[in-house]
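Here's the structure we're looking at; comments come further down.
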Amino acid sequence: MKPFVIVQLRPESEAADEEFAAILRRAGLTEGNARRIRLDQGDLPEDLDLRAVSGVIVGGGPGCVSDLPHEKTPMEARIEAQILGLMPHIVAENVPFLGCCYGIGILGRHLGAPVSKDHHGEDVGAITCTRRSESAGDPLLDGLPERFTALVGHKEALDALPDGAVHLLEGARCPIQMLRYRDRIYATQFHPEADGDSFALRIRVYREKGYFPPERAAALTEACAGVRTEASGRILANFVRHFAQP
C-alpha cells in the first residue's frame, strides 16, 4: 500500500506524539504504512511526492488562520505558510485529504471561505454531530448513525461553506462540522482521532492557550472522561479503507 502522509501542526511534542498514535489507531494504520511530518521541526520535505501516497491527513494545532499576522508566533506563521503551500497541490491533483480541526480552517482559507472566531460558540468537549441529507452515500460516513458524539476544541471556525463544497455533518452551535470538496477532499471541525484520554492531555497542555478559562481545566477534563467517540473515529478508518492504493 502506498503510505498515508500524516502532517502535524502542533509544536508541543507530548500532544503531537499522542495525536499521531491516536490517528494511527483510529485509522488502522501502522508506522510502516504512514509517513509522519511534523512542521514544527522543519519544512515540508523536498522529496514529498503526492503521486506516491494514498492520501494526506492533517491534524490539529494551536494556530489559527484567522489570527492577524502580528498575533502569530514565528513558529505558528511558518507552520501555517508551509501547510497552506501544500494545499494548491492537494486541490489541483485531487489528492485524498482529511483535515481535522485546524485542517478545516486551512482548507477553508485556501478555498476562499471566511474563517473567524465569531461563530464557533462551542466549549471544549463533547458535541452531537448530525448527518445532513447530502451525506447519503458518502464513503467516509459509511456505517455511521444519523447522530453521534465527537470531541471539539477550537478557537475559530468556518462562517460559510467554500464554493463548491458539500455540507455533510452539522452541529447545534457550530454548524459546519464536516464538509467534502469534490470527491476526495474532506475536513472536520471535530477531532475524529480523539477520545477522553486524548482531551485530558490536550486540556493540560493547552490550558493557557485561550481555548477556555484555565480555572475550568479540571471540570472540562472530568466532562470528557469516558466520552464514547468510536463512531467519529470510524471516519478515519473509512478514509483509509476507501482511498488506500496498492
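Starting from 1 in every chain, residues are counted up; chains themselves are A, B, ... following the order of the C-alpha cells, and ligands are numbered from 1 as listed.
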Exercise for review: Identify, with DSSP run on backbone atoms, the residues in segment 92-167 of chain A assigned to strand (DSSP E), and express the list as a PyMOL selection string.
Suggested key: chain A and resi 97-100+115-116+125-131+147-152+157-158+165-167
Dump of C-alpha atoms for the selected residues, as a tab-separated table (two decimals), in the first residue's frame:
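Output below, filename result-v2.tsv:
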chain	number	residue	atom	x	y	z
A	97	PHE	CA	-7.21	14.74	2.03
A	98	LEU	CA	-8.70	14.77	5.52
A	99	GLY	CA	-8.13	17.89	7.60
A	100	CYS	CA	-9.03	17.65	11.29
A	115	VAL	CA	-12.82	31.76	8.86
A	116	SER	CA	-13.27	33.64	12.12
A	125	GLY	CA	-15.73	18.77	24.99
A	126	ALA	CA	-18.42	16.55	23.53
A	127	ILE	CA	-20.89	17.59	20.84
A	128	THR	CA	-23.51	15.81	18.78
A	129	CYS	CA	-22.91	15.65	15.03
A	130	THR	CA	-25.99	15.22	12.85
A	131	ARG	CA	-25.87	13.88	9.31
A	147	ARG	CA	-26.29	11.28	15.15
A	148	PHE	CA	-23.09	10.56	17.01
A	149	THR	CA	-20.74	12.08	19.56
A	150	ALA	CA	-17.43	13.77	18.78
A	151	LEU	CA	-14.94	15.92	20.69
A	152	VAL	CA	-14.17	19.52	19.79
A	157	ALA	CA	-14.48	28.01	12.58
A	158	LEU	CA	-15.83	28.40	9.07
A	165	ALA	CA	-18.23	22.24	-1.06
A	166	VAL	CA	-20.87	19.86	0.29
A	167	HIS	CA	-22.04	20.16	3.92
Exercise for review: Measuring atom to atom with only C-alpha atoms, identify which of A:Val205, A:Tyr211, A:Leu144, A:Pro162 is nearest to Ala16 of chain A.
Suggested key: A:Val205
If you take only C-alpha atoms and a cut-off of 10 Å, which residues of segment 91-192 of chain A touch segment 55-66 of chain A, and what are their nearest atom pairs and distances in Å to one decimal, in chain and number order, as a tab-separated table?
residue	atom	partner	partner_atom	distance
A:Asn94	CA	A:Gly55	CA	9.8
A:Val95	CA	A:Gly55	CA	6.1
A:Pro96	CA	A:Gly55	CA	4.5
A:Phe97	CA	A:Val56	CA	4.8
A:Leu98	CA	A:Ile57	CA	4.8
A:Gly99	CA	A:Val58	CA	4.7
A:Cys100	CA	A:Gly59	CA	5.1
A:Cys101	CA	A:Gly60	CA	5.3
A:Tyr102	CA	A:Gly60	CA	4.6
A:Gly103	CA	A:Val58	CA	5.7
A:Ile104	CA	A:Val58	CA	9.2
A:Gly105	CA	A:Val65	CA	6.5
A:Ile106	CA	A:Val65	CA	6.8
A:Gly108	CA	A:Val65	CA	9.4
A:Arg109	CA	A:Val65	CA	7.3
A:Pro114	CA	A:Ser66	CA	8.7
A:Val115	CA	A:Ser66	CA	5.9
A:Ser116	CA	A:Ser66	CA	5.4
A:Lys117	CA	A:Ser66	CA	7.2
A:Gly153	CA	A:Gly60	CA	9.4
A:His154	CA	A:Pro62	CA	8.2
A:Lys155	CA	A:Cys64	CA	7.4
A:Glu156	CA	A:Cys64	CA	6.8
A:Ala157	CA	A:Ser66	CA	8.9
A:Leu158	CA	A:Ser66	CA	9.9
A:Arg184	CA	A:Gly55	CA	9.1
A:Ile185	CA	A:Val56	CA	9.5
A:Tyr186	CA	A:Ile57	CA	9.6
A:Ala187	CA	A:Val58	CA	9.0
A:Gln189	CA	A:Gly60	CA	9.6
A:Phe190	CA	A:Gly60	CA	9.5
A:His191	CA	A:Gly60	CA	7.9
A:Pro192	CA	A:Gly59	CA	9.8
Those residues with N, CA and C atoms, as an mmCIF file, in the first residue's frame please?
data_model
loop_
_atom_site.group_PDB
_atom_site.id
_atom_site.type_symbol
_atom_site.label_atom_id
_atom_site.label_comp_id
_atom_site.auth_asym_id
_atom_site.auth_seq_id
_atom_site.Cartn_x
_atom_site.Cartn_y
_atom_site.Cartn_z
ATOM 1 N N ASN A 94 -6.232 16.673 -6.825
ATOM 2 C CA ASN A 94 -7.337 15.932 -6.201
ATOM 3 C C ASN A 94 -6.821 14.780 -5.352
ATOM 4 N N VAL A 95 -5.828 15.074 -4.520
ATOM 5 C CA VAL A 95 -5.237 14.073 -3.629
ATOM 6 C C VAL A 95 -6.200 13.834 -2.463
ATOM 7 N N PRO A 96 -6.480 12.598 -2.108
ATOM 8 C CA PRO A 96 -7.318 12.361 -0.923
ATOM 9 C C PRO A 96 -6.768 13.094 0.292
ATOM 10 N N PHE A 97 -7.630 13.849 0.948
ATOM 11 C CA PHE A 97 -7.210 14.741 2.030
ATOM 12 C C PHE A 97 -8.265 14.721 3.116
ATOM 13 N N LEU A 98 -7.804 14.640 4.363
ATOM 14 C CA LEU A 98 -8.696 14.770 5.519
ATOM 15 C C LEU A 98 -8.050 15.720 6.510
ATOM 16 N N GLY A 99 -8.622 16.899 6.642
ATOM 17 C CA GLY A 99 -8.133 17.885 7.596
ATOM 18 C C GLY A 99 -8.980 17.858 8.854
ATOM 19 N N CYS A 100 -8.332 17.792 10.015
ATOM 20 C CA CYS A 100 -9.029 17.649 11.294
ATOM 21 C C CYS A 100 -8.839 18.913 12.127
ATOM 22 N N CYS A 101 -9.914 19.602 12.438
ATOM 23 C CA CYS A 101 -9.924 20.806 13.266
ATOM 24 C C CYS A 101 -9.146 21.944 12.603
ATOM 25 N N TYR A 102 -7.890 22.171 12.953
ATOM 26 C CA TYR A 102 -7.097 23.193 12.273
ATOM 27 C C TYR A 102 -7.140 22.960 10.761
ATOM 28 N N GLY A 103 -7.236 21.696 10.372
ATOM 29 C CA GLY A 103 -7.271 21.353 8.956
ATOM 30 C C GLY A 103 -8.470 21.910 8.221
ATOM 31 N N ILE A 104 -9.615 22.090 8.895
ATOM 32 C CA ILE A 104 -10.771 22.669 8.216
ATOM 33 C C ILE A 104 -10.563 24.165 7.987
ATOM 34 N N GLY A 105 -9.869 24.815 8.905
ATOM 35 C CA GLY A 105 -9.529 26.220 8.703
ATOM 36 C C GLY A 105 -8.546 26.401 7.562
ATOM 37 N N ILE A 106 -7.568 25.495 7.486
ATOM 38 C CA ILE A 106 -6.580 25.553 6.404
ATOM 39 C C ILE A 106 -7.265 25.360 5.056
ATOM 40 N N GLY A 108 -10.481 25.715 4.360
ATOM 41 C CA GLY A 108 -11.373 26.833 4.113
ATOM 42 C C GLY A 108 -10.637 28.069 3.637
ATOM 43 N N ARG A 109 -9.534 28.403 4.272
ATOM 44 C CA ARG A 109 -8.750 29.573 3.861
ATOM 45 C C ARG A 109 -8.255 29.408 2.425
ATOM 46 N N PRO A 114 -14.779 32.200 4.497
ATOM 47 C CA PRO A 114 -14.490 33.020 5.682
ATOM 48 C C PRO A 114 -14.252 32.153 6.911
ATOM 49 N N VAL A 115 -13.172 32.447 7.620
ATOM 50 C CA VAL A 115 -12.825 31.756 8.858
ATOM 51 C C VAL A 115 -12.668 32.816 9.938
ATOM 52 N N SER A 116 -13.350 32.634 11.069
ATOM 53 C CA SER A 116 -13.267 33.644 12.120
ATOM 54 C C SER A 116 -13.479 33.011 13.482
ATOM 55 N N LYS A 117 -13.327 33.830 14.503
ATOM 56 C CA LYS A 117 -13.587 33.415 15.877
ATOM 57 C C LYS A 117 -14.986 33.856 16.325
ATOM 58 N N GLY A 153 -12.432 21.119 20.175
ATOM 59 C CA GLY A 153 -11.652 22.083 20.929
ATOM 60 C C GLY A 153 -11.031 23.050 19.949
ATOM 61 N N HIS A 154 -11.663 24.199 19.739
ATOM 62 C CA HIS A 154 -11.187 25.118 18.691
ATOM 63 C C HIS A 154 -11.513 26.551 19.055
ATOM 64 N N LYS A 155 -10.780 27.457 18.452
ATOM 65 C CA LYS A 155 -10.976 28.885 18.686
ATOM 66 C C LYS A 155 -11.556 29.597 17.473
ATOM 67 N N GLU A 156 -11.559 28.935 16.322
ATOM 68 C CA GLU A 156 -12.096 29.533 15.112
ATOM 69 C C GLU A 156 -12.897 28.477 14.357
ATOM 70 N N ALA A 157 -13.664 28.925 13.368
ATOM 71 C CA ALA A 157 -14.476 28.008 12.580
ATOM 72 C C ALA A 157 -14.834 28.670 11.260
ATOM 73 N N LEU A 158 -15.330 27.863 10.323
ATOM 74 C CA LEU A 158 -15.828 28.404 9.069
ATOM 75 C C LEU A 158 -17.152 29.136 9.308
ATOM 76 N N ARG A 184 -12.760 13.838 -3.064
ATOM 77 C CA ARG A 184 -11.668 13.248 -2.294
ATOM 78 C C ARG A 184 -11.146 14.136 -1.184
ATOM 79 N N ILE A 185 -11.641 15.334 -1.061
ATOM 80 C CA ILE A 185 -11.070 16.304 -0.138
ATOM 81 C C ILE A 185 -12.096 16.612 0.955
ATOM 82 N N TYR A 186 -11.720 16.301 2.191
ATOM 83 C CA TYR A 186 -12.635 16.386 3.329
ATOM 84 C C TYR A 186 -12.000 17.181 4.466
ATOM 85 N N ALA A 187 -12.858 17.692 5.347
ATOM 86 C CA ALA A 187 -12.366 18.298 6.592
ATOM 87 C C ALA A 187 -13.441 18.204 7.652
ATOM 88 N N GLN A 189 -14.515 19.721 11.691
ATOM 89 C CA GLN A 189 -14.230 20.661 12.763
ATOM 90 C C GLN A 189 -13.860 19.920 14.047
ATOM 91 N N PHE A 190 -14.418 18.745 14.224
ATOM 92 C CA PHE A 190 -14.127 17.944 15.412
ATOM 93 C C PHE A 190 -12.863 17.110 15.192
ATOM 94 N N HIS A 191 -12.467 16.396 16.231
ATOM 95 C CA HIS A 191 -11.258 15.570 16.199
ATOM 96 C C HIS A 191 -11.659 14.096 16.097
ATOM 97 N N PRO A 192 -11.656 13.506 14.903
ATOM 98 C CA PRO A 192 -12.075 12.100 14.798
ATOM 99 C C PRO A 192 -11.122 11.124 15.470
#
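Checking A:Ala160, A:Val5, A:Ala15, A:Leu140 one by one against Leu201 of chain A, counting only C-alpha atoms, you find the shortest gap at A:Ala15.
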Review point. Which residues come within 12 Å of Arg216 of chain A, counting only C-alpha atoms, excluding same-chain residues fewer than 6 positions away, as a PyMOL selection string?
Key: chain A and resi 123-125+203-204+207-208+210+222-223
If you run DSSP over the backbone, which residues in segment 3-243 of chain A end up alpha helix (DSSP H)? Put them as a JSON list (two decimals) with C-alpha atoms, in the first residue's frame.
[["chain", "number", "residue", "atom", "x", "y", "z"],
["A", 13, "SER", "CA", 5.75, 17.13, 21.39],
["A", 14, "GLU", "CA", 3.67, 15.41, 24.07],
["A", 15, "ALA", "CA", 0.42, 16.37, 22.35],
["A", 16, "ALA", "CA", 1.83, 15.69, 18.87],
["A", 17, "ASP", "CA", 3.00, 12.19, 19.83],
["A", 18, "GLU", "CA", -0.38, 11.32, 21.34],
["A", 19, "GLU", "CA", -2.20, 12.70, 18.29],
["A", 20, "PHE", "CA", -0.03, 10.67, 15.91],
["A", 21, "ALA", "CA", -0.66, 7.47, 17.88],
["A", 22, "ALA", "CA", -4.39, 8.21, 18.02],
["A", 23, "ILE", "CA", -4.61, 8.78, 14.27],
["A", 24, "LEU", "CA", -2.78, 5.52, 13.59],
["A", 25, "ARG", "CA", -5.06, 3.63, 15.97],
["A", 26, "ARG", "CA", -8.33, 5.03, 14.66],
["A", 27, "ALA", "CA", -7.26, 4.88, 11.01],
["A", 74, "PRO", "CA", 7.10, 32.93, 14.20],
["A", 75, "MET", "CA", 6.59, 29.17, 14.62],
["A", 76, "GLU", "CA", 2.82, 29.41, 14.00],
["A", 77, "ALA", "CA", 3.35, 31.63, 10.97],
["A", 78, "ARG", "CA", 5.90, 29.25, 9.45],
["A", 79, "ILE", "CA", 3.75, 26.16, 10.06],
["A", 80, "GLU", "CA", 0.72, 27.86, 8.53],
["A", 81, "ALA", "CA", 2.67, 29.01, 5.48],
["A", 82, "GLN", "CA", 4.02, 25.51, 4.93],
["A", 83, "ILE", "CA", 0.66, 23.74, 5.07],
["A", 84, "LEU", "CA", -1.07, 26.42, 3.01],
["A", 85, "GLY", "CA", 1.71, 26.00, 0.47],
["A", 86, "LEU", "CA", 0.78, 22.32, 0.13],
["A", 87, "MET", "CA", -2.94, 22.93, -0.43],
["A", 88, "PRO", "CA", -2.76, 24.12, -4.07],
["A", 89, "HIS", "CA", -1.12, 20.80, -4.97],
["A", 90, "ILE", "CA", -3.68, 18.79, -2.96],
["A", 91, "VAL", "CA", -6.58, 20.51, -4.70],
["A", 92, "ALA", "CA", -5.08, 20.65, -8.20],
["A", 102, "TYR", "CA", -7.10, 23.19, 12.27],
["A", 103, "GLY", "CA", -7.27, 21.35, 8.96],
["A", 104, "ILE", "CA", -10.77, 22.67, 8.22],
["A", 105, "GLY", "CA", -9.53, 26.22, 8.70],
["A", 106, "ILE", "CA", -6.58, 25.55, 6.40],
["A", 107, "LEU", "CA", -8.81, 24.07, 3.70],
["A", 108, "GLY", "CA", -11.37, 26.83, 4.11],
["A", 109, "ARG", "CA", -8.75, 29.57, 3.86],
["A", 110, "HIS", "CA", -7.26, 28.01, 0.72],
["A", 196, "GLY", "CA", -11.41, 11.31, 26.57],
["A", 197, "ASP", "CA", -7.78, 10.46, 27.30],
["A", 198, "SER", "CA", -6.65, 12.50, 24.29],
["A", 199, "PHE", "CA", -8.53, 15.51, 25.55],
["A", 200, "ALA", "CA", -7.30, 15.12, 29.12],
["A", 201, "LEU", "CA", -3.77, 15.50, 27.81],
["A", 202, "ARG", "CA", -4.63, 18.37, 25.47],
["A", 203, "ILE", "CA", -6.54, 20.26, 28.15],
["A", 204, "ARG", "CA", -3.43, 20.08, 30.32],
["A", 205, "VAL", "CA", -1.00, 21.02, 27.53],
["A", 217, "ALA", "CA", -9.45, 22.74, 33.14],
["A", 218, "ALA", "CA", -10.36, 20.19, 35.82],
["A", 219, "ALA", "CA", -14.09, 20.38, 35.09],
["A", 220, "LEU", "CA", -13.55, 20.04, 31.34],
["A", 221, "THR", "CA", -11.26, 17.06, 31.85],
["A", 222, "GLU", "CA", -13.86, 15.37, 34.01],
["A", 223, "ALA", "CA", -16.60, 16.08, 31.45],
["A", 224, "CYS", "CA", -14.54, 14.49, 28.65],
["A", 230, "GLU", "CA", -15.83, 5.35, 18.33],
["A", 231, "ALA", "CA", -18.33, 6.49, 15.69],
["A", 232, "SER", "CA", -16.44, 9.67, 14.87],
["A", 233, "GLY", "CA", -13.23, 7.64, 14.74],
["A", 234, "ARG", "CA", -14.76, 5.50, 12.00],
["A", 235, "ILE", "CA", -14.31, 8.44, 9.64],
["A", 236, "LEU", "CA", -10.54, 7.94, 9.77],
["A", 237, "ALA", "CA", -10.87, 4.19, 9.19],
["A", 238, "ASN", "CA", -13.23, 4.80, 6.27],
["A", 239, "PHE", "CA", -10.85, 7.36, 4.77],
["A", 240, "VAL", "CA", -8.00, 4.87, 4.80],
["A", 241, "ARG", "CA", -10.11, 1.97, 3.58],
["A", 242, "HIS", "CA", -11.64, 3.97, 0.73],
["A", 243, "PHE", "CA", -8.51, 5.68, -0.55]]
**Study point:** Length of the atom CA of Val7 of chain A to atom CA of Ala34 of chain A vector [Å]
**Key:** 10.3 Å
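The residue that comes closest to Cys174 of chain A, out of A:Ala225, A:Gln41, A:Asp118, A:Pro213 and on the basis of only C-alpha atoms, is A:Asp118.
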